[in-house]
Every structure is written in structure tokens, then in C-alpha cells.
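Just below is one structure, and these are the notes that go with it.
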Amino acid sequence: MDVATTPVKTPNNPAAPPPLLNELFDPTNRADPYSRYDDLRDAGPLHMSDFGLHLATRYEDCVQILQSGDWGHDKEAEQLHPTIPASAFPDTFLWMEPPDHTRLRGLVTKGFTARRVAGLRPRIEELVNELIDAALDAGEFDLIETIAYPLPLTMICEILGVPAEDHQLVQKWSQALARAFDPDVYMTPEALTARNQALPEFAGYFRQLVNERRQHPGDDLISSLAAVEDQGDRLTADELLGTCITLIIAGHETTVNLVGNGALALLRNPDQLDLLRRRPELIPRAVDELLRYDSPIHMNTRAAKRELVVGGRTFAPGEGVVALIACANRDPDAYDEPDRLDVTRFSGEQSVSRHLSFSLGHHYCLGAPLALLEMEIFLDTWVGRVGTAEILTAEPTYKPNILIRGLANLPVRFQA
């Protein structure tokens with residue numbers, strides 16, 4: 001069957017969607033989407049999905065889509081989530097275009113500058129050592145529950161000013177909304193219900209927290225943003241709430257997957273883990289290879305702002321496309337031996353294509369410096385303090401998420 005020309009399943013066209021796409025988005029195949037990506041990429045640069053958007057499979061096309069300001073990211077809510085009005089979602093810079101995107105992102109950037117993030121190193125090191133202590137004491141543990149979630153969740157909550165006693169509550173809401181980034185057509189009724197409940201509850205929580213920070217400001221980002229919102233001309237109340245929710249979700253859910261996916265990749269490639277033990281100076285750039293090899297983010301939507309051509313097809317203004325980031329990160333036209341984990345890949349003298357896991361252009365991930373530092377410190381502490389590490393299951397369980405893809409659990413054994 002020709003995947004590139006197989007008709008899409010829509011209310012006006014009952015034909016079945018392409019088998020490869022069925023397999024790609026089937027939750028039972030979440031552990032290995034890459035063989036499906038390879039087949040899609042080989043079959044052609046673009047494929048129509050059953051949620052009405054073309055999927056771009058090749059690195060060169062994905063770079064063009066993500067990097068160009070001619071492709072906007074402000075239509076995702078209506079493109080992927082037609083079961084709920086766009087007005088129900090918070091006002092977030094994630095789904096804005098300039099000038100609103102520039103204004104709002106500029107207000108929160110100061111919390112994630114290279115200098116501010118570098119200043120967090122001692123706190124991250126302290127936290128990672130506490131988590132490794134607990135892991136070594138346990139011996140056998142779930143790496144996702146014990147390390148991957150607590151590390152980024154604690155850090156983003158502390159940056160924003162979320163009290164420690166509320167971290168688990170915030171995590172519950174975040175998990176429901178992270179699942180909700182997937183196209184509605186692939187979500188279960190239970191997941192849709194959880195999303196629709198989490199949205200107002202999350203907003204209500206932050207509304208109360210913002211009011212508390214107005215009355216008793218602290219040295220945190222919510223206090224700073226609340227002060228800006230009081231000025232009335234740069235940040236609305238709805239934008240403030242949307243920003244808080246976005247930063248919580250983007251600030252830890254993706255890093256959870258970076259830690260989990262990265263740890264699994266190294267445990268399955270012990271020669272690469274041993275190389276990091278021998279040469280820990282490779283760790284900072286090895287994080288980029290882990291991001292390329294098994295990206296926490298698998299796709300990103302864009303909509304054409306004018307008539308554009310990608311993959312040999314002309315897109316009309318307003319027409320959407322999905323950049324398959326994880327597929328592009330394994331494109332053999334961009335990387336030598338793309339299915340091989342090589343922690344030295346980005347440390348050599350030769351130029352290497354930039355991975356797309358943090359996106360590109362003006363929607364480049366705001367929290368990238370924080371995520372990179374958290375993962376770097378985790379790996380440095382791991383190779384420095386853990387003598388042996390092994391996986392305790394042949395098939396770790398994955399969360400059902402498509403867009404933000406990662407492990408539900410990873411049972412391991414650590415010994416000093």
C-alpha cells in the first residue's frame with residue numbers, strides 16, 4: 001500500500017488511515033516508534049495523518065518548518081484539540097506568535113538565563129546527591145519515580161515558588177495535561193476527562209498562589225510575574241496563569257523523559273556508559289546525543305502564515321503540518337549511523353547536524369539550559385557514585401503519550 005497517498009480517515013472520507021500511521025500511533029508500539037519512523041521516511045517526505053495534518057519525516061524539511069518564522073505555532077489548540085474550545089486553554093506563549101509571543105516570553109526569560117541557571121548548580125547538585133543517596137539505600141528502585149520525576153519537578157517548583165507540600169498535586173495535574181498535548185483523536189475518554197478537569201483546577205490553584213504572592217512576595221518567578229501583571233500593560237491575569245501552567249509542564253515533564261529515556265539508553269549500551277565513567281568530560285555534549293537518540297518530544301505542529309512549499313507540496317496559508325522531531329533526529333541524511341548511540345558524536349571536531357529536540361527558531365525551548373544542566377549533573381553524579389547499574393526488566397512500561405513520550409517506570413538496581 002502506498003503510505004504517501006493513502007486517503008485519510010475523516011467524517012467526509014471513511015477510508016482507513018495508512019497502516020504505518022496506525023502502527024506509529026498505536027500505544028502498544030510506544031516502546032519502539034523508530035522502526036515505523038524509518039519506514040515512513042523511506043516512503044516519502046510527507047504523509048497525511050488521521051487528524052488532518054501532514055507529517056514531515058525528514059530532517060531537512062523539519063528544520064525548514066521549525067526554524068522559519070513563516071510557520072506559526074498559534075493554531076495547535078484548534079488543530080489537535082477540537083473537542084474543547086480554544087478559549088478553555090490558558091493563554092500561553094507556547095501557542096502565540098509575535099508580537100504577543102515576544103512580549104510574554106521576554107517577561108519569563110530572566111528566570112532561565114544562562115547566568116541564572118548556572119547559579120542553580122549547587123542546589124541541583126545537592127538534590128541529585130539526595131536522590132542518589134535514596135537510590136543506593138534502596139538498591140532496587142523505580143528510576144522514574146525515585147529520580148526522573150523529583151529532580152525537574154522540585155527545581156521548576158522552587159523556581160516558580162510552588163510550596164513543597166503541593167508538588168505532588170502539581171505533578172498529578174501536569175501528567176493529565178501533558179497527555180492532553182496529544183491529538184484528541186488518539187486520547188481515551190478517560191484521558192479527555194482528566195484533561196478537562198485538570199485545566200480549571202490547575203488554573204484555580206495558580207490564581208490563589210498568585211494572590212498569595214502579591215500579598216507576600218518572595219524571591220521567585222511567580223512573585224516577579226505578579227508584580228508585572230499589576231502594572232496592567234504587559235501581562236494580563238489570564239496570561240499570567242497560562243504562563244505558570246506552561247512553565248510547570250514544560251519545565252519538568254520533558255526533562256522527566258530526558259532522564260528516563262537517557263538512562264535507559266545508557267543501560268542498554270553499557271559500553272557508552274563505561275566511556276562516560278572513563279571520560280566524564282564528555283558528559284555535557286553526551287546529553288545532546290541522548291536528546292537526539294531518544295527525544296522527549298516527538299512532534300511539533302506549525303501552520304503556514306503564507307503559501308509555502310515543503311517536501312514538494314504547497315501549503316496554503318493556515319494549513320498545518322507536523323514536524324516529526326524524533327523521526328528527523330534519526331534521519332541518515334543528517335547523521336551517520338543514526339540508530340547507534342554515540343556519546344562522542346557532538347564532542348568531535350567535525351560539524352554535526354543540530355538535533356531538533358529543543359525545536360528551533362523563536363519557539364526554541366526556553367528551559368533548555370535548565371534541562372541540560374539537570375541531566376549533566378545527574379549523569380556526572382551517576383558515573384561518579386554508582387559502581388554498577390542494571391535494568392531489572394526486559395520491557396519497561398511506557399506512558400501512552402505520543403507527543404511527550406517517555407517511560408512510565410524503569411526498575412533498576414544501583415550499587416556503589
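Just so we're on the same page: first chain in the C-alpha cells is A, next is B, and so on; residues restart at 1 for each chain, and ligands are numbered from 1 in the order they show up.
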
Self-check item: Contact residues around Asp274 (chain A) with only C-alpha atoms at 12 Å, ignoring same-chain residues under 6 positions, as a PyMOL selection string
Solution: chain A and resi 266-268+280+282-283+343+379+382-384+386-389

Output file for the residues above (C-alpha atoms, as a short mmCIF file (atom, residue, chain, number, x, y, z; two decimals), in the first residue's frame):
```cif
data_model
loop_
_atom_site.label_atom_id
_atom_site.label_comp_id
_atom_site.auth_asym_id
_atom_site.auth_seq_id
_atom_site.Cartn_x
_atom_site.Cartn_y
_atom_site.Cartn_z
CA LEU A 266 22.93 4.10 28.57
CA LEU A 267 21.92 0.97 30.47
CA ARG A 268 21.20 -0.76 27.15
CA PRO A 280 33.35 12.34 32.35
CA LEU A 282 32.21 14.01 27.58
CA ILE A 283 29.04 14.29 29.67
CA VAL A 343 28.19 9.77 23.34
CA LEU A 379 24.97 11.82 34.77
CA TRP A 382 25.72 8.70 38.49
CA VAL A 383 29.09 7.80 36.97
CA GLY A 384 30.92 9.19 39.98
CA VAL A 386 27.28 4.38 41.26
CA GLY A 387 29.56 1.43 40.72
CA THR A 388 27.18 -0.90 38.93
CA ALA A 389 23.74 -0.35 37.45
#
```

Within 10 Å of region 122-144 of chain A: each region 244-285 of chain A residue with its shortest pair, only C-alpha atoms, as CSV:
```
residue,atom,partner,partner_atom,distance
A:Val256,CA,A:Ile144,CA,7.3
A:Asn257,CA,A:Ile144,CA,8.6
A:Val259,CA,A:Ile144,CA,8.1
A:Gly260,CA,A:Ile144,CA,6.1
A:Asn261,CA,A:Ile144,CA,9.7
A:Ala263,CA,A:Leu143,CA,8.6
A:Leu264,CA,A:Leu143,CA,9.6
```

Practice problem: Would you please work out which residue, of A:Thr243, A:Asp74, A:Thr397, A:Asp38, is nearest to Pro99 (chain A) when using only C-alpha atoms? | Solution: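 Checking each candidate against Pro99 (chain A), we get A:Asp74 as the closest.
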
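Proximity ranking of A:Ile248, A:Leu221, A:Leu24, A:Leu240 relative to Val170 (chain A) places A:Ile248 first, based on only C-alpha atoms.
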
Quiz item: Within 7 Å of region 289-291 of chain A, counting only C-alpha atoms, which residues qualify if same-chain residues fewer than 2 places away don't, as a ChimeraX atom specification?
Solution: /A:258,262,285-287,293-295,342-343,345-346,357

Quiz item: Residues at most 10 Å from Thr393 (chain A), counting only C-alpha atoms, excluding those fewer than 5 positions away in the same chain, as a ChimeraX atom specification?
Solution: /A:410-412

Practice problem: Find the residue from A:Pro200, A:Pro82, A:Gly52, A:Gly361 that sits nearest to Gln67 (chain A); use only C-alpha atoms when measuring. | Solution: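 With only C-alpha atoms as the atom set, the closest residue is A:Gly361.
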
Quiz item: If you run DSSP on this backbone, which residues of region 115-275 of chain A come out as helix (DSSP H, G or I), and could you give them as a PyMOL selection string?
Solution: chain A and resi 115-118+121-138+143-148+150-160+164-179+184-186+189-215+221-231+237-268+270-275

Keeping C-alpha atoms, export the residues of the selection given above as a tab-separated table (two decimals), in the first residue's frame.
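Output contents, as saved in result.tsv:
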```tsv
chain	number	residue	atom	x	y	z
A	115	ARG	CA	23.64	33.11	34.39
A	116	ARG	CA	20.51	32.40	36.46
A	117	VAL	CA	20.57	28.70	35.58
A	118	ALA	CA	24.30	28.42	36.33
A	121	ARG	CA	24.09	24.35	40.06
A	122	PRO	CA	24.76	23.97	43.81
A	123	ARG	CA	21.07	23.35	44.52
A	124	ILE	CA	20.78	20.83	41.67
A	125	GLU	CA	23.91	19.02	42.85
A	126	GLU	CA	22.52	18.88	46.39
A	127	LEU	CA	19.20	17.50	45.17
A	128	VAL	CA	20.76	14.93	42.83
A	129	ASN	CA	23.01	13.64	45.61
A	130	GLU	CA	19.97	13.28	47.88
A	131	LEU	CA	18.18	11.29	45.18
A	132	ILE	CA	21.22	9.10	44.50
A	133	ASP	CA	21.55	8.50	48.26
A	134	ALA	CA	17.95	7.25	48.34
A	135	ALA	CA	18.54	5.10	45.27
A	136	LEU	CA	21.67	3.48	46.70
A	137	ASP	CA	19.96	2.89	50.04
A	138	ALA	CA	17.08	1.17	48.26
A	143	LEU	CA	14.23	5.31	38.41
A	144	ILE	CA	11.27	7.31	37.10
A	145	GLU	CA	9.63	7.66	40.50
A	146	THR	CA	12.83	8.00	42.53
A	147	ILE	CA	14.94	10.29	40.31
A	148	ALA	CA	13.41	11.30	36.98
A	150	PRO	CA	11.62	14.50	41.68
A	151	LEU	CA	14.63	16.20	40.07
A	152	PRO	CA	13.00	18.51	37.49
A	153	LEU	CA	9.71	18.83	39.39
A	154	THR	CA	11.43	20.07	42.52
A	155	MET	CA	13.60	22.53	40.58
A	156	ILE	CA	10.84	24.12	38.49
A	157	CYS	CA	8.56	24.35	41.53
A	158	GLU	CA	11.29	26.08	43.52
A	159	ILE	CA	11.98	28.50	40.67
A	160	LEU	CA	8.32	29.41	40.41
A	164	ALA	CA	6.93	21.73	48.62
A	165	GLU	CA	3.71	20.30	50.07
A	166	ASP	CA	1.96	20.98	46.74
A	167	HIS	CA	4.50	19.31	44.45
A	168	GLN	CA	2.61	16.01	44.17
A	169	LEU	CA	-0.64	17.80	43.42
A	170	VAL	CA	1.06	19.82	40.69
A	171	GLN	CA	2.58	16.62	39.29
A	172	LYS	CA	-0.87	15.00	39.01
A	173	TRP	CA	-2.29	17.94	37.06
A	174	SER	CA	0.81	18.16	34.90
A	175	GLN	CA	0.63	14.50	33.91
A	176	ALA	CA	-3.00	14.92	32.83
A	177	LEU	CA	-2.19	17.99	30.74
A	178	ALA	CA	1.00	16.51	29.28
A	179	ARG	CA	-1.11	13.63	27.97
A	184	ASP	CA	-7.68	14.38	20.66
A	185	VAL	CA	-8.37	11.59	18.18
A	186	TYR	CA	-5.80	9.41	19.97
A	189	PRO	CA	-12.39	9.22	27.07
A	190	GLU	CA	-10.72	8.90	30.47
A	191	ALA	CA	-7.74	10.99	29.35
A	192	LEU	CA	-10.02	13.66	27.89
A	193	THR	CA	-11.99	13.80	31.13
A	194	ALA	CA	-8.78	14.09	33.17
A	195	ARG	CA	-7.60	16.95	30.96
A	196	ASN	CA	-10.88	18.82	31.18
A	197	GLN	CA	-10.85	18.50	34.96
A	198	ALA	CA	-7.19	19.42	35.34
A	199	LEU	CA	-7.36	22.65	33.33
A	200	PRO	CA	-9.67	24.62	35.66
A	201	GLU	CA	-8.20	23.03	38.79
A	202	PHE	CA	-4.66	23.95	37.77
A	203	ALA	CA	-5.74	27.49	36.86
A	204	GLY	CA	-7.60	27.87	40.15
A	205	TYR	CA	-4.57	26.73	42.12
A	206	PHE	CA	-2.26	29.23	40.46
A	207	ARG	CA	-4.82	32.01	40.76
A	208	GLN	CA	-4.78	31.51	44.52
A	209	LEU	CA	-0.97	31.22	44.62
A	210	VAL	CA	-0.53	34.44	42.61
A	211	ASN	CA	-2.81	36.27	45.05
A	212	GLU	CA	-0.73	34.99	47.96
A	213	ARG	CA	2.49	36.14	46.26
A	214	ARG	CA	1.01	39.60	45.72
A	215	GLN	CA	0.39	39.92	49.44
A	221	LEU	CA	9.29	33.86	39.45
A	222	ILE	CA	5.58	33.97	40.33
A	223	SER	CA	6.21	36.96	42.62
A	224	SER	CA	8.08	38.71	39.80
A	225	LEU	CA	5.36	37.99	37.25
A	226	ALA	CA	2.62	39.05	39.67
A	227	ALA	CA	4.37	42.40	40.07
A	228	VAL	CA	4.47	42.81	36.29
A	229	GLU	CA	0.80	41.87	35.97
A	230	ASP	CA	-0.08	44.57	38.50
A	231	GLN	CA	1.31	47.13	36.04
A	237	ALA	CA	-4.19	37.87	34.54
A	238	ASP	CA	-5.05	35.07	32.09
A	239	GLU	CA	-1.57	35.26	30.53
A	240	LEU	CA	0.00	35.00	33.97
A	241	LEU	CA	-1.99	31.86	34.78
A	242	GLY	CA	-1.21	30.35	31.38
A	243	THR	CA	2.48	31.10	31.81
A	244	CYS	CA	2.62	29.42	35.22
A	245	ILE	CA	0.93	26.28	33.91
A	246	THR	CA	3.14	26.17	30.81
A	247	LEU	CA	6.34	26.57	32.80
A	248	ILE	CA	5.39	23.81	35.23
A	249	ILE	CA	4.54	21.30	32.50
A	250	ALA	CA	7.32	22.20	30.06
A	251	GLY	CA	9.76	22.66	32.93
A	252	HIS	CA	9.61	19.10	34.15
A	253	GLU	CA	7.57	16.66	32.05
A	254	THR	CA	10.05	16.77	29.17
A	255	THR	CA	13.05	16.52	31.50
A	256	VAL	CA	11.49	13.50	33.21
A	257	ASN	CA	11.61	11.82	29.82
A	258	LEU	CA	15.14	13.03	29.13
A	259	VAL	CA	16.33	11.45	32.37
A	260	GLY	CA	14.34	8.24	31.89
A	261	ASN	CA	15.00	7.75	28.17
A	262	GLY	CA	18.63	8.73	28.58
A	263	ALA	CA	19.22	6.36	31.49
A	264	LEU	CA	17.60	3.50	29.59
A	265	ALA	CA	19.74	4.19	26.51
A	266	LEU	CA	22.93	4.10	28.57
A	267	LEU	CA	21.92	0.97	30.47
A	268	ARG	CA	21.20	-0.76	27.15
A	270	PRO	CA	26.95	-0.27	28.68
A	271	ASP	CA	30.00	0.48	26.53
A	272	GLN	CA	28.79	4.08	26.26
A	273	LEU	CA	28.13	4.29	29.99
A	274	ASP	CA	31.61	2.92	30.67
A	275	LEU	CA	33.05	5.53	28.31
```

Quiz prompt | Distance in Å - CA of Glu76 (chain A) versus CA of Arg405 (chain A) | solution =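 The value is 18.0 Å.
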
Practice problem: Using DSSP on the backbone coordinates, identify all residues within region 48-213 of chain A classified as strand (DSSP E); present the result as a list in words. | Solution: Met48, His54, Leu55, Ala56, Trp71, Gly72, Glu140, Phe141 and Asp142 of chain A

Save out the residues we just selected, N, CA, C and O atoms, as a tab-separated table (two decimals), in the first residue's frame.
```tsv
chain	number	residue	atom	x	y	z
A	48	MET	N	-0.24	12.13	5.18
A	48	MET	CA	-1.42	12.70	5.82
A	48	MET	C	-1.85	11.86	7.02
A	48	MET	O	-1.96	10.64	6.94
A	54	HIS	N	-0.48	17.00	7.65
A	54	HIS	CA	0.61	16.23	7.07
A	54	HIS	C	1.74	16.08	8.07
A	54	HIS	O	2.03	16.99	8.85
A	55	LEU	N	2.39	14.92	8.04
A	55	LEU	CA	3.53	14.64	8.90
A	55	LEU	C	4.80	14.74	8.07
A	55	LEU	O	4.94	14.06	7.05
A	56	ALA	N	5.73	15.59	8.49
A	56	ALA	CA	7.01	15.75	7.81
A	56	ALA	C	8.03	14.83	8.48
A	56	ALA	O	8.22	14.89	9.70
A	71	TRP	N	6.27	29.91	9.54
A	71	TRP	CA	5.41	28.85	10.09
A	71	TRP	C	5.08	29.22	11.53
A	71	TRP	O	5.97	29.42	12.35
A	72	GLY	N	3.80	29.32	11.85
A	72	GLY	CA	3.37	29.72	13.18
A	72	GLY	C	2.96	28.54	14.05
A	72	GLY	O	2.61	27.47	13.54
A	140	GLU	N	17.27	-1.57	44.84
A	140	GLU	CA	16.37	-1.76	43.71
A	140	GLU	C	15.25	-0.73	43.81
A	140	GLU	O	14.64	-0.58	44.88
A	141	PHE	N	14.98	-0.03	42.72
A	141	PHE	CA	14.01	1.07	42.77
A	141	PHE	C	13.54	1.40	41.36
A	141	PHE	O	14.10	0.93	40.36
A	142	ASP	N	12.48	2.21	41.28
A	142	ASP	CA	11.98	2.71	40.01
A	142	ASP	C	12.66	4.04	39.73
A	142	ASP	O	12.43	5.02	40.44
```

Quiz item: Using only C-alpha atoms, which residues sit within 6 Å of region 306-316 of chain A once same-chain residues fewer than 2 positions away are excluded, as a list in words?
Solution: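 Answer for this query is Pro45, Ala304 and Glu319 of chain A.
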
Quiz prompt | Coordinates-based distance that separates CA of Leu403 (chain A) from CA of Gln79 (chain A) (Å, one decimal) | solution =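 Computing it gives 14.0 Å between the two atoms.
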
Quiz prompt | For Gly106 (chain A), the nearest of the candidates A:Tyr59, A:Ala326, A:His362, A:Ala303, counting only C-alpha atoms | solution =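 Of A:Tyr59, A:Ala326, A:His362, A:Ala303, the one nearest Gly106 (chain A) is A:His362, counting only C-alpha atoms.
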